[in-house]
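Read through the structure below, which is laid out as structure tokens, and then see the notes.
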Amino acid sequence: MGEPVVDARGLGRRFGGVAALNAVEISVAAGEAIAVFGPNGAGKTTLLRLLATLLRPTTGTLLLFGQAVSDGGAAARRRIGFLSHQSFLYPDLTPAENLDFYARMFKVPSPAARVRQMLEQVELEGWAHRPVRTLSRGLEQRCALARALLHEPALLLLDEPFTGLDVDAARTLSRMLQQARGRGATLLMTTHDVARGCEICTRAVILARGRLVWNGDISTSQREQFEHTYHAATHAAAT
Amino acid sequence: MLALLRKDLQIELRTKETLAALLLLGLLTLVVLSFAFDPTSELRVEAAPGALWVAVIFAGVLGLNRSFLAERENDCLQGLLLCPVDRGTIYLAKTVSNFLFMMAAQLVMVPIFVFFFNLPATAALWSVLLSLALGVFGFAAVGTLFAAIAVRTRAREVMLPLLLLPLVVPLFIAGVKVTAHALGGKALGEVAPWLNLMVGFDVMLLVVAWLVFEYAVEE
């Protein structure tokens, strides 16, 4: 097996006095698809933001593509795509202008052609020249998906990507994630939707109160144990 | 960096929000202050440099406050930070775009300043523009850093001037001095120490803010 795409050892992050993530150990091989489950406030988004180099870890070490990200992570970011609750799109620019901007920031070859191709893939050609401000949440999220995949990232980080999507948009997202997996991309996705997570991913981790409480595959043989752990974590967080 | 600059210009050309705000507040300040003095009085010429720089400060703070608002919507700042460029490049591009917007406003404000303060339109105006360019550059250099910090606070309209203005007082004093000397018909060489101070301050503010920006935009 080759070098892991993500290798986190004792990864922790504190915000003031609060430990959002505590001593997380996770290794992700190239081409794997991992669903990150956990109740609200478990540290899922913090984990993704650490892996996206948007946050620095307070404790532990993080290797991305075999390299430490202590140098600021610019080289690693070139190979990472991040889809969040927020679209990261400028409301006063059109989808075409937004994608063109990000294509240039990521130094995508032939940016104009790539932007057209991505707009086609997310079925946004009809809205390509209207300001993002005027688009619905679903259309904006499609454009955000195009932004995240624009530079063909080797590692895709998805923070509850299906939230707020209509059936059509959800289908487009599933299709594009399958395509990304088909070209060998590694995928890490936070979700509350067990069925969806199990459909797209082969392995799951469960976070509870910033700690990793499950890390294993979600094949049929282990599914029952996984679901039991997940429900226990959710129940503990609610009480 | 060019992509970032182009994006800021694209947004501004579409919305015209920053330039309109800069111009409106700057011109209003100049007009109101010009009415405080007798049009024939010598005092008017003496007060003119101060009035011009007060307008620059008011308008500049407003413009800087706006500069990171576009990055706040849809969490675009995070989108920028995800790009494979170092934070220093983002800072430099934002500083240059802030400088360009503020200087564009000055190019409209200076002729109106000359008119309302009844000043002679002489070659001294180039010296005034030079002092404005140096002052505005330092203002933009440190203001961009503080705008990035203030935009994440609840009281950002108050926070930015509180952080920014005490730091740039020496720059504005030098700016007022250079403007006053220029309007008084003196040669630029006579105000060389003030110009040197402005250049030195600009370089210092730019380097310090560039080094600190990375930590300012991280949570």
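Numbering starts fresh at 1 for the residues of each chain in the structure tokens, the chains themselves are lettered A, B, ... in the order given, and ligands are numbered from 1 as they appear.
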
Give me the residues of chain B that have any atom at most 6 Å from an atom of chain A; for each, the nearest atom pair and the distance in Å, rounded to one decimal. Use only C-alpha atoms, sort by chain and number, and format it as a tab-separated table.
residue	atom	partner	partner_atom	distance
B:Asn74	CA	A:Phe88	CA	5.1
B:Asp75	CA	A:Phe88	CA	5.4
B:Cys76	CA	A:Phe88	CA	4.2
B:Gly79	CA	A:Phe88	CA	5.0
B:Pro84	CA	A:Ala74	CA	4.4
B:Val85	CA	A:Ala74	CA	5.7

If we count only C-alpha atoms and set the cut-off at 12 Å, which residues sit around Gly200 in chain B, ignoring sequence neighbours fewer than 4 positions away in its own chain? Please answer as a list of chain:residue names.
B:Leu134, B:Gly135, B:Phe137, B:Gly138, B:Pro170, B:Leu171, B:Ala174, B:Ala192, B:Pro193, B:Trp194, B:Leu195, B:Asn196, B:Met204, B:Leu205, B:Leu206, B:Val207

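Residues with any atom within 7 Å of range 5-9 of chain B, counting only C-alpha atoms and excluding same-chain neighbours fewer than 4 positions away, are Phe101 of chain A; Met1, Leu13, Ala93 and Ser97 of chain B.
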
I want to know what sits within 10 Å of Glu125 in chain A, based on only C-alpha atoms, with residues of the same chain fewer than 6 positions away left out; could you give that as a list in words?
Pro95, Ala96, Arg116, Gln117, Met118 and Leu119 of chain A

Within 12 Å of Leu64 in chain B, counting only C-alpha atoms, which residues qualify if same-chain residues fewer than 2 places away don't, as a PyMOL selection string?
chain B and resi 17-19+21-22+56-62+66-70+94-102+136+139-151+156-157+159-161+164

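When only C-alpha atoms are used to compute distances to Leu197 in chain B, the closest of the residues B:Val45, B:Leu77, B:Val212, B:Val178 turns out to be B:Val178.
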
Selection: 6 Å around range 179-193 of chain A, only C-alpha atoms, excl. self and same-chain fewer than 6 positions, as a PyMOL selection string
chain A and resi 30-37+154-160

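Within 10 Å of Phe35 in chain B, once only C-alpha atoms are used and residues closer than 5 positions along the same chain are dropped, the contacting residues are Leu30, Arg44, Phe116 and Phe117 of chain B.
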
How about saving the chosen residues, N, CA and C atoms kept, as a compact mmCIF listing (two decimals), in the first residue's frame?
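out.txt was written with the following content:
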# COMPACT_ATOMS: atom_id res chain seq x y z
N LEU B 30 -14.92 67.48 3.26
CA LEU B 30 -14.23 68.64 2.69
C LEU B 30 -15.16 69.85 2.56
N ARG B 44 -7.61 80.04 5.79
CA ARG B 44 -8.20 78.98 4.96
C ARG B 44 -7.11 78.10 4.33
N PHE B 116 -12.92 74.24 -3.40
CA PHE B 116 -13.62 74.71 -2.20
C PHE B 116 -12.72 75.51 -1.26
N PHE B 117 -11.42 75.23 -1.27
CA PHE B 117 -10.52 75.98 -0.40
C PHE B 117 -9.83 77.13 -1.16

Quick one: pick out all strand (DSSP E or B) residues within range 40-213 of chain A from a backbone DSSP run and write them as JSON, numbers by chain.
{"A": [59, 60, 61, 62, 63, 64, 67, 68, 80, 81, 82, 83, 155, 156, 157, 158, 159, 186, 187, 188, 189, 190, 203, 204, 205, 206, 207, 208, 211, 212, 213]}

Those selected residues, please, written with C-alpha atoms and delivered as a CSV table (one decimal), in the first residue's frame.
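again-v9.csv written:
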chain,number,residue,atom,x,y,z
A,59,THR,CA,-1.3,19.1,19.6
A,60,GLY,CA,-0.1,16.1,17.5
A,61,THR,CA,1.2,15.9,14.0
A,62,LEU,CA,-0.5,15.9,10.6
A,63,LEU,CA,1.0,14.6,7.4
A,64,LEU,CA,-0.9,15.3,4.1
A,67,GLN,CA,4.4,15.9,4.0
A,68,ALA,CA,4.1,17.8,7.3
A,80,ILE,CA,-7.3,19.5,-1.7
A,81,GLY,CA,-11.0,20.3,-2.5
A,82,PHE,CA,-13.2,21.4,0.3
A,83,LEU,CA,-17.0,21.6,0.2
A,155,LEU,CA,-8.3,14.7,-1.5
A,156,LEU,CA,-11.9,15.8,-1.2
A,157,LEU,CA,-13.2,17.0,2.1
A,158,LEU,CA,-17.0,17.3,2.3
A,159,ASP,CA,-18.7,18.9,5.3
A,186,THR,CA,-9.7,10.2,-1.7
A,187,LEU,CA,-12.9,11.3,0.1
A,188,LEU,CA,-13.7,12.3,3.6
A,189,MET,CA,-17.2,13.3,4.3
A,190,THR,CA,-19.0,14.3,7.4
A,203,ARG,CA,-15.1,3.1,6.1
A,204,ALA,CA,-16.5,5.2,8.9
A,205,VAL,CA,-15.1,7.0,11.9
A,206,ILE,CA,-17.3,8.2,14.7
A,207,LEU,CA,-16.4,11.2,16.8
A,208,ALA,CA,-17.9,12.0,20.2
A,211,ARG,CA,-12.6,11.8,20.5
A,212,LEU,CA,-12.5,9.0,18.0
A,213,VAL,CA,-14.8,6.2,19.3

Point-to-point distance from CA of Arg130 in chain A to CA of Leu99 in chain A, Å rounded to tenths
12.9 Å

Taking the DSSP secondary structure from the backbone, can you list the residues of range 95-221 of chain A that are alpha helix (DSSP H), as a compact mmCIF listing (two decimals) with C-alpha atoms, in the first residue's frame?
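Contents of part.txt, freshly written:
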# COMPACT_ATOMS: atom_id res chain seq x y z
CA PRO A 95 -20.92 31.36 -11.21
CA ALA A 96 -18.70 31.65 -14.31
CA GLU A 97 -16.72 34.54 -12.78
CA ASN A 98 -16.40 32.77 -9.43
CA LEU A 99 -15.13 29.58 -11.04
CA ASP A 100 -12.77 31.54 -13.27
CA PHE A 101 -11.35 33.26 -10.19
CA TYR A 102 -10.78 29.98 -8.34
CA ALA A 103 -9.39 28.32 -11.49
CA ARG A 104 -6.76 31.06 -11.70
CA MET A 105 -5.99 30.82 -7.99
CA PRO A 111 -9.26 28.00 -17.07
CA ALA A 112 -12.01 29.18 -19.45
CA ALA A 113 -12.49 25.71 -20.96
CA ARG A 114 -12.39 24.04 -17.55
CA VAL A 115 -14.99 26.48 -16.17
CA ARG A 116 -17.34 25.71 -19.10
CA GLN A 117 -16.83 21.99 -18.54
CA MET A 118 -17.59 22.22 -14.82
CA LEU A 119 -20.68 24.38 -15.40
CA GLU A 120 -21.93 21.72 -17.80
CA GLN A 121 -21.23 18.92 -15.34
CA ARG A 137 -29.49 27.39 -2.19
CA GLY A 138 -29.45 24.23 -4.33
CA LEU A 139 -28.03 26.00 -7.39
CA GLU A 140 -25.44 27.77 -5.25
CA GLN A 141 -24.39 24.44 -3.73
CA ARG A 142 -23.99 22.95 -7.22
CA CYS A 143 -21.71 25.83 -8.10
CA ALA A 144 -19.81 25.27 -4.83
CA LEU A 145 -19.36 21.64 -5.85
CA ALA A 146 -17.95 22.77 -9.19
CA ARG A 147 -15.58 25.08 -7.29
CA ALA A 148 -14.41 22.24 -5.04
CA LEU A 149 -13.76 19.89 -7.98
CA VAL A 167 -33.34 15.49 -5.11
CA ASP A 168 -31.82 16.56 -8.43
CA ALA A 169 -28.89 18.37 -6.86
CA ALA A 170 -28.27 15.45 -4.49
CA ARG A 171 -28.21 13.09 -7.48
CA THR A 172 -25.73 15.36 -9.30
CA LEU A 173 -23.54 15.47 -6.20
CA SER A 174 -23.61 11.65 -5.81
CA ARG A 175 -22.74 11.23 -9.48
CA MET A 176 -19.83 13.65 -9.28
CA LEU A 177 -18.49 12.05 -6.12
CA GLN A 178 -18.58 8.67 -7.84
CA GLN A 179 -16.71 10.21 -10.79
CA ALA A 180 -14.11 11.68 -8.44
CA ARG A 181 -13.68 8.29 -6.77
CA GLY A 182 -13.41 6.73 -10.22
CA VAL A 194 -26.07 6.85 7.92
CA ALA A 195 -27.68 5.44 4.76
CA ARG A 196 -26.02 8.02 2.52
CA GLY A 197 -22.66 7.69 4.28
CA CYS A 198 -22.72 3.90 3.92
CA GLU A 199 -23.75 4.18 0.25
CA ILE A 200 -20.82 6.40 -0.71
CA THR A 220 -22.42 -5.80 6.49
CA SER A 221 -20.60 -7.83 9.14

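Taking CA of Leu28 in chain B and CA of Phe201 in chain B as the two end points, the separation is 28.7 Å.
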